[in-house]
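The structure appears right after this line, and notes come after that.
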Amino acid sequence: MNIMTPLQLAYVGGNCAVAQELEEWGGDFALTPFHLAAARNNVLAVRKFIAGKTDTDCLGEMGYVGVNRRTPLHCATISGATEAVDVLLEGGADPNFQDVRGRSPLHWAAKLNKLEVVRSLLRANADPNLADGEFMTPLMCAASALDASRELVSELTTVGGDIGYQLPTTGDTALHVAVREENEASALAVLASGGDLMRMNNEGLRPLDCTASTRLLFELKRAAGQRDVMISYTHSHLGFARKLRQSLEEANVTTWLDLMDPSGIGGGAVWREEIARGITNASVVLCILTEDYASSEWCLKELALAKQVGTPILAVSTEGAIVDENLQVYLYTRQIVPFEPSIVGLRRDGGRVEYDYDESRYWWSQFHLLLDGVRDEVEKRRYFTEQKNVASSRNLDLDGGGADRGAGSSSPGTILQTLGDARLSPVSSSWDPASSYIPSDLQEGQFIFLSNGDKHIPFAQKLTSQLQEAGIACYSGHNINGQDFNTRIQIAQETILRCSCFVVLVSRQTMGSELVRDQLAFAEDKGRPIFPIVLNDLNPG
């Protein structure tokens, strides 16, 4: 029987290159018969060594110490020799002995997904929070493995393993590590045991920001109950809503569909917190525009809340429904993806409406148009959140600071604070708050509408003054007590319909304003001539 290891044979044969490679992969020149017996799960031999008073934590023999400084317990653990592990622990082996990398047997058991060995070590009081030379805990090692089981991670956290522990060098948690390595099973196992998707590392990055894999992001969000898309629909069209949800999820877009039928809910009904959270936390609200949609008070409430909190709204149409005055506050025809070309038949069953589809056209034409828009909004939300967190971690102001930003400041696709009360009035040096809501002293088509979202006020005043000196009337809006955000939108829309052209100040600040984006979209939808004035990042005055 050849009792020499491959590493020993390499050294004896003078093959230094092979020996070096074997050492890097864990080969140990000082491997003793005790180590070998433990690694091979030879329980009888292990008992003999212990009975013979051999040091259970020996690191070599004849004065040699192994290059990795591993004990027989390390070897048994790495091999998954559970019986040998139990015998060694009964014989007094130290479960917290650290090798040259600072790793205890528990580190290796977690790294190699040896569940039964982990249980044995924990029963022997192995420390679940012991850090190795790279500050990695056993939980971190499990997260870096390819297929850590939920049971293994649960065993570690049950005895006090810190799921929220962060590396002092990077601030990464176990979930950051698993996601960055794109270890889906390990990431889901950590998440199931309390890993926090929102915890930021030293760079301000969440685990969600550490991968570009849409599939992994989808599985993590679904497991955590996070949804990118909230579908707003009438329950008469539940069949189409379910089909749309399935299509989006097959494209790795997490989607929430409320299945509770709201029929009979009146205007005084209590707003369900679940729906409010879904709309607020979603990257986009997807409206299924059907004939009965505008008559649903519940659906209009959903759109109103989305508008209020700044969640972007996309829409699909299935029955050629008209965007009436109730919907114009929230939707524009240019934002609607028509699914009518993919619908070849319609059936009514009581209060339900079912469609027959041209599946090829549904998938490769209409749905892909929608998917592009949805993914844009999801990525915009993710990117903004990442940039905001990174800036926050560095104590920087993402927008460059300045008194110009106030309650109306917002982020791309997300309003951070509901815009204050407002009404339309002339932009002039005096700005009379008592002026009428809609300019009544101007003839239709004889003035321009200036959109600045309450930003760059000195510049807007100067521009207005110069236009008025040239005989051109100019109107815009500003915050005045007594009017809410929706009222301000409605007044602006009525005025834009009467103006001769639409002038918009384009800058980093105005493009972050929900009010400017809404006015610009409405002007484009109604075919008004649009003249942009581009400003740099300085505060012009």
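Residues in the structure tokens are numbered from 1 in each chain, the chains being A, B, ... in the order shown, and ligands are numbered from 1 in the order shown.
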
Neighbour list for A:Asn252 as a ChimeraX atom specification, cut-off 7 Å, only C-alpha atoms, skip fewer than 2 positions in-chain: /A:214-215,218,248-250,254

Members of stretch 196-241 of chain A assigned strand (DSSP E) by DSSP, as a ChimeraX atom specification: /A:229-232

Two-atom distance - atom CA of A:Arg347, atom CA of A:Glu291 (Å): 14.3 Å

Counting only C-alpha atoms, the option among A:Asn326, A:Ser236, A:Gln20, A:Gln446 closest to A:Gly351: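 For A:Gly351, the nearest of the given residues is A:Ser236.
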
Between atom CA of A:Lys388 and atom CA of A:Thr255 - distance in Å to one decimal: 24.4 Å

Coordinates-based distance that separates atom CA of A:Leu327 from atom CA of A:Pro532 (Å, one decimal):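 One can read the atom CA of A:Pro532 to atom CA of A:Leu327 distance as 26.5 Å.
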
Every residue of stretch 18-82 of chain A that DSSP places in helix (DSSP H, G or I), as an NGL selection string: :A and (18-24 or 33-39 or 43-51 or 72-79 or 82)

Residues at most 9 Å from A:Phe240, counting only C-alpha atoms, excluding those fewer than 2 positions away in the same chain, as a JSON list (two decimals) with N, CA and C atoms, in the first residue's frame?
[["chain", "number", "residue", "atom", "x", "y", "z"],
["A", 237, "HIS", "N", -61.35, 42.13, -16.59],
["A", 237, "HIS", "CA", -60.30, 41.73, -17.53],
["A", 237, "HIS", "C", -59.17, 41.01, -16.81],
["A", 238, "LEU", "N", -59.54, 40.21, -15.81],
["A", 238, "LEU", "CA", -58.55, 39.47, -15.03],
["A", 238, "LEU", "C", -57.73, 38.53, -15.91],
["A", 242, "ARG", "N", -53.68, 38.50, -15.97],
["A", 242, "ARG", "CA", -52.87, 37.34, -15.60],
["A", 242, "ARG", "C", -51.89, 36.96, -16.71],
["A", 243, "LYS", "N", -52.35, 37.04, -17.94],
["A", 243, "LYS", "CA", -51.47, 36.73, -19.07],
["A", 243, "LYS", "C", -50.30, 37.71, -19.11],
["A", 244, "LEU", "N", -50.59, 38.97, -18.88],
["A", 244, "LEU", "CA", -49.54, 39.99, -18.90],
["A", 244, "LEU", "C", -48.55, 39.77, -17.76],
["A", 245, "ARG", "N", -49.06, 39.43, -16.59],
["A", 245, "ARG", "CA", -48.16, 39.16, -15.47],
["A", 245, "ARG", "C", -47.25, 37.97, -15.78],
["A", 288, "ILE", "N", -53.92, 48.75, -17.48],
["A", 288, "ILE", "CA", -54.58, 48.06, -18.59],
["A", 288, "ILE", "C", -55.82, 48.85, -18.94],
["A", 353, "VAL", "N", -64.42, 39.36, -19.38],
["A", 353, "VAL", "CA", -64.06, 39.52, -20.78],
["A", 353, "VAL", "C", -62.81, 38.69, -21.04],
["A", 354, "GLU", "N", -62.88, 37.82, -22.05],
["A", 354, "GLU", "CA", -61.74, 36.99, -22.43],
["A", 354, "GLU", "C", -61.37, 37.28, -23.87],
["A", 355, "TYR", "N", -60.06, 37.19, -24.18],
["A", 355, "TYR", "CA", -59.57, 37.46, -25.53],
["A", 355, "TYR", "C", -58.98, 36.20, -26.15]]
